[in-house]
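Accompanying notes for the structure given below.
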Amino acid sequence: MFDLTGKVALVTGASGGIGRATAIALAEQGATLILTGRREDALEETAAACGSAATCHIFTANLGDADSEAAMLEAAEEAAGQIDILVNNAGLTRDGLAMRMKDDDFGAVLDVNLMATFRLCRGAMKGMMKRRWGRLINVVSVVGFMGNAGQANYAASKAGIVGMTKSIAKELGSRGITANCVAPGYVETAMTADLPEKVVSEQISMVPAGRMGRPEEIAAAVAFLASEEAGYMSGATLHVNGGMAML
């Protein structure tokens, strides 16, 4: 579909779910992969799923820790030579009603989801500016647009990423760099697998498509935004939610 031969893509949260599907999709288009996450064994599984022809570099990192993020970026650029495409997919949830939510639970989610995304964008954009080409792609959530009871911290972090991405898009547009978001709805991942059946049924009832999304469907949107063909799309959010929120 798209040709990413010669491009290097860093995917955070590549251990499974949307991150793994994204890595596979980008590898299929010829990209060299940098896979990051907390578990090396799971990252190895993702690398294997990308196929024997794919070049994958694996680095563990503790997102939310600035030193760990900086070390990972430095090692990744040294190993792969450059970063052309950054996919910020990793995320954290610590759900609870706002009235009872502790500051630590609110702050931890913002540190991983928002601050880490900002720091990685900031780190990756330097090389992109020199090469005058780059793709910054941030995976957010339908929750960042609709809100969700029990997820004030998560919704705030994802909404914050959207505003941040638009600002970055305005700053970097003249340098050949695009910055966009992909906002999934309810997708079949480990995160949603733990939801009670009643909750899942209620959510699906609000989706015109009548089902949950598949990680591969989110990955396809990411692959488009990473492509040369998406060079005139920036500051946008692609909503992939089965019609749950028609934004």
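Chain labels follow the order of the structure tokens: the first chain is A, the next B, and so on; residue numbering restarts at 1 in every chain, and ligands are counted from 1 in their shown order.
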Excluding same-chain residues fewer than 6 positions from region 235-242 of chain A, what lies within 6 Å of it counting only C-alpha atoms, as a PyMOL selection string?
chain A and resi 166+169+179-185+207+209
Fewer than 6 positions away in the same chain doesn't count, so skip those; otherwise give me all residues within 8 Å of region 147-157 of chain A, counting only C-alpha atoms, as a VMD selection string.
chain A and resid 92 to 98 105 to 107 109 to 110 113 to 114 141
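The protein and nucleic acid residues lying at most 12 Å from Ser68 (chain A) are Thr36, Gly37, Arg38, Phe59, Thr60, Ala61, Asn62, Leu63, Gly64, Met72, Leu73, Glu74, Ala75, Val112, Ala116, Arg119 and Leu120 of chain A, with only C-alpha atoms considered and sequence neighbours fewer than 4 positions away removed.
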Pull N, CA, C and O atoms from the residues just selected and write them as an mmCIF file, in the first residue's frame.
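For reference, result_38.cif as written:
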```
data_model
loop_
_atom_site.group_PDB
_atom_site.id
_atom_site.type_symbol
_atom_site.label_atom_id
_atom_site.label_comp_id
_atom_site.auth_asym_id
_atom_site.auth_seq_id
_atom_site.Cartn_x
_atom_site.Cartn_y
_atom_site.Cartn_z
ATOM 1 N N THR A 36 9.917 -0.515 21.509
ATOM 2 C CA THR A 36 10.164 -0.234 22.912
ATOM 3 C C THR A 36 8.976 -0.667 23.762
ATOM 4 O O THR A 36 7.834 -0.699 23.296
ATOM 5 N N GLY A 37 9.270 -0.997 24.997
ATOM 6 C CA GLY A 37 8.258 -1.431 25.949
ATOM 7 C C GLY A 37 8.951 -1.814 27.241
ATOM 8 O O GLY A 37 10.164 -1.632 27.378
ATOM 9 N N ARG A 38 8.206 -2.365 28.145
ATOM 10 C CA ARG A 38 8.785 -2.724 29.445
ATOM 11 C C ARG A 38 9.316 -4.148 29.487
ATOM 12 O O ARG A 38 10.186 -4.454 30.279
ATOM 13 N N PHE A 59 14.508 -2.103 22.526
ATOM 14 C CA PHE A 59 15.001 -1.379 23.696
ATOM 15 C C PHE A 59 13.895 -1.294 24.736
ATOM 16 O O PHE A 59 12.771 -0.905 24.412
ATOM 17 N N THR A 60 14.216 -1.672 25.962
ATOM 18 C CA THR A 60 13.244 -1.488 27.040
ATOM 19 C C THR A 60 13.410 -0.078 27.601
ATOM 20 O O THR A 60 14.491 0.510 27.560
ATOM 21 N N ALA A 61 12.311 0.452 28.105
ATOM 22 C CA ALA A 61 12.346 1.806 28.663
ATOM 23 C C ALA A 61 11.225 1.955 29.675
ATOM 24 O O ALA A 61 10.179 1.310 29.568
ATOM 25 N N ASN A 62 11.453 2.809 30.647
ATOM 26 C CA ASN A 62 10.447 3.131 31.653
ATOM 27 C C ASN A 62 9.872 4.502 31.308
ATOM 28 O O ASN A 62 10.421 5.536 31.690
ATOM 29 N N LEU A 63 8.788 4.500 30.546
ATOM 30 C CA LEU A 63 8.199 5.776 30.171
ATOM 31 C C LEU A 63 7.612 6.447 31.408
ATOM 32 O O LEU A 63 7.022 5.814 32.264
ATOM 33 N N GLY A 64 7.760 7.742 31.460
ATOM 34 C CA GLY A 64 7.410 8.482 32.662
ATOM 35 C C GLY A 64 8.654 8.857 33.448
ATOM 36 O O GLY A 64 8.611 9.690 34.350
ATOM 37 N N MET A 72 16.971 5.668 26.098
ATOM 38 C CA MET A 72 16.398 4.832 25.045
ATOM 39 C C MET A 72 16.496 5.523 23.689
ATOM 40 O O MET A 72 16.889 4.905 22.685
ATOM 41 N N LEU A 73 16.163 6.795 23.627
ATOM 42 C CA LEU A 73 16.242 7.537 22.364
ATOM 43 C C LEU A 73 17.666 7.576 21.829
ATOM 44 O O LEU A 73 17.908 7.369 20.630
ATOM 45 N N GLU A 74 18.609 7.824 22.712
ATOM 46 C CA GLU A 74 20.011 7.896 22.289
ATOM 47 C C GLU A 74 20.482 6.551 21.745
ATOM 48 O O GLU A 74 21.126 6.484 20.685
ATOM 49 N N ALA A 75 20.141 5.470 22.468
ATOM 50 C CA ALA A 75 20.550 4.135 22.030
ATOM 51 C C ALA A 75 19.870 3.762 20.716
ATOM 52 O O ALA A 75 20.481 3.141 19.835
ATOM 53 N N VAL A 112 3.120 9.346 32.154
ATOM 54 C CA VAL A 112 3.351 8.330 31.119
ATOM 55 C C VAL A 112 2.681 8.713 29.804
ATOM 56 O O VAL A 112 3.287 8.634 28.728
ATOM 57 N N ALA A 116 5.608 11.869 28.746
ATOM 58 C CA ALA A 116 6.522 11.022 27.979
ATOM 59 C C ALA A 116 6.328 11.231 26.487
ATOM 60 O O ALA A 116 7.302 11.268 25.721
ATOM 61 N N ARG A 119 8.093 14.457 25.621
ATOM 62 C CA ARG A 119 9.555 14.349 25.635
ATOM 63 C C ARG A 119 10.075 13.553 24.441
ATOM 64 O O ARG A 119 11.106 13.899 23.854
ATOM 65 N N LEU A 120 9.370 12.486 24.069
ATOM 66 C CA LEU A 120 9.811 11.690 22.927
ATOM 67 C C LEU A 120 9.642 12.469 21.620
ATOM 68 O O LEU A 120 10.488 12.396 20.727
#
```
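Each of A:Val143, A:Met99, A:Val87, A:Leu247 was checked against Cys121 (chain A) using only C-alpha atoms; the smallest atom-to-atom distance is that of A:Val87.
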Hey, what's within 10 Å of Ala27 (chain A) if we count only C-alpha atoms and toss same-chain stuff fewer than 2 positions away? As a PyMOL selection string, please?
chain A and resi 4-5+8-9+21-25+29-33+47+49-51+53-56+223
Would you please give, as a VMD selection string, all residues of region 84-186 of chain A that DSSP assigns to strand (DSSP E) based on the backbone?
chain A and resid 85 to 88 134 to 139 177 to 184
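Computed from the coordinates, the CA of Asp65 (chain A) to CA of Met115 (chain A) distance equals 9.4 Å.
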Can you tell me how far CA of Ala66 (chain A) sits from CA of Ile161 (chain A), in Å to one decimal?
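So the two atoms, CA of Ala66 (chain A) and CA of Ile161 (chain A), lie 17.3 Å apart.
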Between A:Gly6, A:Gly173, A:Gly213, A:Gly16, which one has atoms that come closest to Met233 (chain A), using only C-alpha atoms?
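Looking only at the distances to Met233 (chain A), the closest residue turns out to be A:Gly173.
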Would you please give, as a PyMOL selection string, all residues of region 32-106 of chain A that DSSP assigns to helix (DSSP H, G or I) based on the backbone?
chain A and resi 40-49+66-80+98-100+103-106
Output N, CA, C and O atoms for every residue in the selection just made, as a compact mmCIF listing (two decimals), in the first residue's frame.
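Resulting contents of again.txt:
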```
# COMPACT_ATOMS: atom_id res chain seq x y z
N GLU A 40 11.13 -7.26 27.61
CA GLU A 40 11.95 -7.63 26.47
C GLU A 40 11.42 -8.87 25.76
O GLU A 40 11.46 -8.96 24.53
N ASP A 41 10.90 -9.85 26.54
CA ASP A 41 10.41 -11.08 25.92
C ASP A 41 9.22 -10.79 25.00
O ASP A 41 9.11 -11.36 23.90
N ALA A 42 8.34 -9.89 25.42
CA ALA A 42 7.19 -9.54 24.59
C ALA A 42 7.63 -8.77 23.35
O ALA A 42 7.04 -8.94 22.26
N LEU A 43 8.65 -7.93 23.48
CA LEU A 43 9.16 -7.22 22.33
C LEU A 43 9.80 -8.17 21.33
O LEU A 43 9.70 -7.98 20.11
N GLU A 44 10.45 -9.21 21.84
CA GLU A 44 11.02 -10.23 20.96
C GLU A 44 9.91 -10.93 20.17
O GLU A 44 10.08 -11.24 18.98
N GLU A 45 8.78 -11.16 20.82
CA GLU A 45 7.65 -11.78 20.13
C GLU A 45 7.11 -10.87 19.03
O GLU A 45 6.74 -11.33 17.95
N THR A 46 7.08 -9.57 19.32
CA THR A 46 6.64 -8.63 18.29
C THR A 46 7.61 -8.63 17.11
O THR A 46 7.19 -8.62 15.95
N ALA A 47 8.89 -8.63 17.40
CA ALA A 47 9.90 -8.66 16.34
C ALA A 47 9.73 -9.91 15.47
O ALA A 47 9.82 -9.83 14.24
N ALA A 48 9.47 -11.04 16.10
CA ALA A 48 9.27 -12.28 15.35
C ALA A 48 8.02 -12.18 14.47
O ALA A 48 8.00 -12.66 13.33
N ALA A 49 6.97 -11.53 15.00
CA ALA A 49 5.72 -11.38 14.25
C ALA A 49 5.90 -10.47 13.05
O ALA A 49 5.12 -10.54 12.09
N ALA A 66 12.23 10.50 32.78
CA ALA A 66 12.91 11.28 31.74
C ALA A 66 14.27 10.70 31.38
O ALA A 66 14.65 10.66 30.20
N ASP A 67 15.01 10.24 32.37
CA ASP A 67 16.35 9.69 32.11
C ASP A 67 16.26 8.41 31.29
O ASP A 67 17.06 8.19 30.37
N SER A 68 15.30 7.55 31.63
CA SER A 68 15.12 6.30 30.89
C SER A 68 14.72 6.57 29.45
O SER A 68 15.22 5.94 28.51
N GLU A 69 13.86 7.54 29.25
CA GLU A 69 13.42 7.89 27.90
C GLU A 69 14.58 8.43 27.08
O GLU A 69 14.76 8.04 25.91
N ALA A 70 15.38 9.31 27.67
CA ALA A 70 16.50 9.92 26.96
C ALA A 70 17.53 8.86 26.58
O ALA A 70 18.07 8.87 25.46
N ALA A 71 17.79 7.92 27.49
CA ALA A 71 18.75 6.86 27.22
C ALA A 71 18.26 5.97 26.09
O ALA A 71 19.04 5.54 25.22
N MET A 72 16.97 5.67 26.10
CA MET A 72 16.40 4.83 25.04
C MET A 72 16.50 5.52 23.69
O MET A 72 16.89 4.91 22.69
N LEU A 73 16.16 6.79 23.63
CA LEU A 73 16.24 7.54 22.36
C LEU A 73 17.67 7.58 21.83
O LEU A 73 17.91 7.37 20.63
N GLU A 74 18.61 7.82 22.71
CA GLU A 74 20.01 7.90 22.29
C GLU A 74 20.48 6.55 21.74
O GLU A 74 21.13 6.48 20.68
N ALA A 75 20.14 5.47 22.47
CA ALA A 75 20.55 4.14 22.03
C ALA A 75 19.87 3.76 20.72
O ALA A 75 20.48 3.14 19.84
N ALA A 76 18.61 4.14 20.58
CA ALA A 76 17.86 3.80 19.37
C ALA A 76 18.43 4.51 18.15
O ALA A 76 18.61 3.90 17.09
N GLU A 77 18.74 5.78 18.29
CA GLU A 77 19.30 6.54 17.16
C GLU A 77 20.68 6.03 16.80
O GLU A 77 21.05 5.99 15.62
N GLU A 78 21.44 5.62 17.80
CA GLU A 78 22.78 5.08 17.53
C GLU A 78 22.68 3.76 16.78
O GLU A 78 23.45 3.50 15.85
N ALA A 79 21.70 2.92 17.17
CA ALA A 79 21.56 1.61 16.55
C ALA A 79 21.00 1.68 15.14
O ALA A 79 21.45 0.98 14.23
N ALA A 80 19.99 2.54 14.95
CA ALA A 80 19.28 2.59 13.66
C ALA A 80 19.75 3.73 12.77
O ALA A 80 19.38 3.77 11.59
N ALA A 98 -13.41 10.61 40.19
CA ALA A 98 -12.64 11.81 40.44
C ALA A 98 -12.65 12.21 41.92
O ALA A 98 -11.63 12.67 42.45
N MET A 99 -13.78 12.02 42.58
CA MET A 99 -13.90 12.43 43.98
C MET A 99 -12.92 11.67 44.87
O MET A 99 -12.47 12.19 45.89
N ARG A 100 -12.57 10.45 44.46
CA ARG A 100 -11.69 9.62 45.29
C ARG A 100 -10.29 9.46 44.69
O ARG A 100 -9.44 8.82 45.30
N ASP A 103 -3.86 12.22 44.01
CA ASP A 103 -2.97 13.01 43.17
C ASP A 103 -1.95 12.12 42.46
O ASP A 103 -1.62 12.35 41.29
N ASP A 104 -1.43 11.13 43.17
CA ASP A 104 -0.43 10.25 42.58
C ASP A 104 -0.99 9.49 41.38
O ASP A 104 -0.28 9.28 40.38
N ASP A 105 -2.25 9.06 41.46
CA ASP A 105 -2.85 8.33 40.36
C ASP A 105 -3.11 9.24 39.16
O ASP A 105 -2.99 8.83 38.01
N PHE A 106 -3.48 10.47 39.45
CA PHE A 106 -3.68 11.45 38.36
C PHE A 106 -2.33 11.78 37.72
O PHE A 106 -2.19 11.76 36.49
```
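Non-sequential neighbours of region 203-206 of chain A (distance at most 9 Å, separation of 3 or more positions within a chain, only C-alpha atoms) are A:Tyr186, A:Lys198, A:Val199, A:Val200, A:Ala209, A:Gly210, A:Arg211, A:Met212, A:Gly243, A:Met244, A:Ala245.
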File of the preceding selection, N, CA, C and O atoms, as an mmCIF file, in the first residue's frame:
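Result saved to again.cif:
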```cif
data_model
loop_
_atom_site.group_PDB
_atom_site.id
_atom_site.type_symbol
_atom_site.label_atom_id
_atom_site.label_comp_id
_atom_site.auth_asym_id
_atom_site.auth_seq_id
_atom_site.Cartn_x
_atom_site.Cartn_y
_atom_site.Cartn_z
ATOM 1 N N TYR A 186 -13.253 1.553 21.271
ATOM 2 C CA TYR A 186 -13.016 0.347 22.065
ATOM 3 C C TYR A 186 -12.458 -0.745 21.168
ATOM 4 O O TYR A 186 -13.080 -1.169 20.203
ATOM 5 N N LYS A 198 -20.578 -6.964 31.174
ATOM 6 C CA LYS A 198 -21.666 -5.992 31.124
ATOM 7 C C LYS A 198 -21.178 -4.658 30.564
ATOM 8 O O LYS A 198 -21.867 -4.019 29.747
ATOM 9 N N VAL A 199 -20.000 -4.241 30.991
ATOM 10 C CA VAL A 199 -19.434 -2.971 30.519
ATOM 11 C C VAL A 199 -19.159 -3.044 29.022
ATOM 12 O O VAL A 199 -19.454 -2.110 28.265
ATOM 13 N N VAL A 200 -18.593 -4.171 28.584
ATOM 14 C CA VAL A 200 -18.287 -4.344 27.164
ATOM 15 C C VAL A 200 -19.573 -4.284 26.334
ATOM 16 O O VAL A 200 -19.642 -3.620 25.299
ATOM 17 N N ALA A 209 -21.158 0.131 14.394
ATOM 18 C CA ALA A 209 -20.568 -1.044 13.753
ATOM 19 C C ALA A 209 -20.939 -2.331 14.485
ATOM 20 O O ALA A 209 -20.803 -3.426 13.945
ATOM 21 N N GLY A 210 -21.378 -2.209 15.731
ATOM 22 C CA GLY A 210 -21.851 -3.368 16.480
ATOM 23 C C GLY A 210 -20.773 -4.304 16.987
ATOM 24 O O GLY A 210 -21.050 -5.465 17.321
ATOM 25 N N ARG A 211 -19.563 -3.821 17.081
ATOM 26 C CA ARG A 211 -18.462 -4.669 17.555
ATOM 27 C C ARG A 211 -17.321 -3.797 18.043
ATOM 28 O O ARG A 211 -17.300 -2.585 17.813
ATOM 29 N N MET A 212 -16.345 -4.434 18.692
ATOM 30 C CA MET A 212 -15.120 -3.741 19.061
ATOM 31 C C MET A 212 -14.191 -3.710 17.856
ATOM 32 O O MET A 212 -14.317 -4.507 16.918
ATOM 33 N N GLY A 243 -17.888 4.464 14.507
ATOM 34 C CA GLY A 243 -19.016 5.380 14.533
ATOM 35 C C GLY A 243 -19.502 5.739 15.927
ATOM 36 O O GLY A 243 -20.503 6.439 16.086
ATOM 37 N N MET A 244 -18.772 5.289 16.946
ATOM 38 C CA MET A 244 -19.175 5.563 18.329
ATOM 39 C C MET A 244 -19.234 7.060 18.599
ATOM 40 O O MET A 244 -20.140 7.560 19.280
ATOM 41 N N ALA A 245 -18.265 7.789 18.072
ATOM 42 C CA ALA A 245 -18.248 9.251 18.200
ATOM 43 C C ALA A 245 -17.948 9.804 16.831
ATOM 44 O O ALA A 245 -16.846 9.617 16.321
#
```
Considering only C-alpha atoms, state which residue in the set A:Met129, A:Ile168, A:Ala190, A:Ala226 is at the smallest distance from Leu86 (chain A).
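Among the listed residues, the smallest separation from Leu86 (chain A) belongs to A:Ala226.
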Expressed in Å to a single decimal, how great is the separation between CA of Ile18 (chain A) and CA of Lys102 (chain A)?
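Computing the Euclidean distance for CA of Ile18 (chain A) and CA of Lys102 (chain A) yields 28.5 Å.
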Given only C-alpha atoms as the basis, pick out the residue of A:Gly134, A:Val187, A:Val142, A:Thr117 nearest to Glu217 (chain A).
A:Val187
Can you tell me, as a list in words, what residues are no more than 9 Å from Gly231 (chain A) when counting only C-alpha atoms, ignoring any on the same chain fewer than 6 positions away?
Arg135, Gly176, Ile177, Thr178 and Leu225 of chain A
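Proximity ranking of A:Gly163, A:Gly17, A:Arg122, A:Leu10 relative to Gln82 (chain A) places A:Leu10 first, based on only C-alpha atoms.
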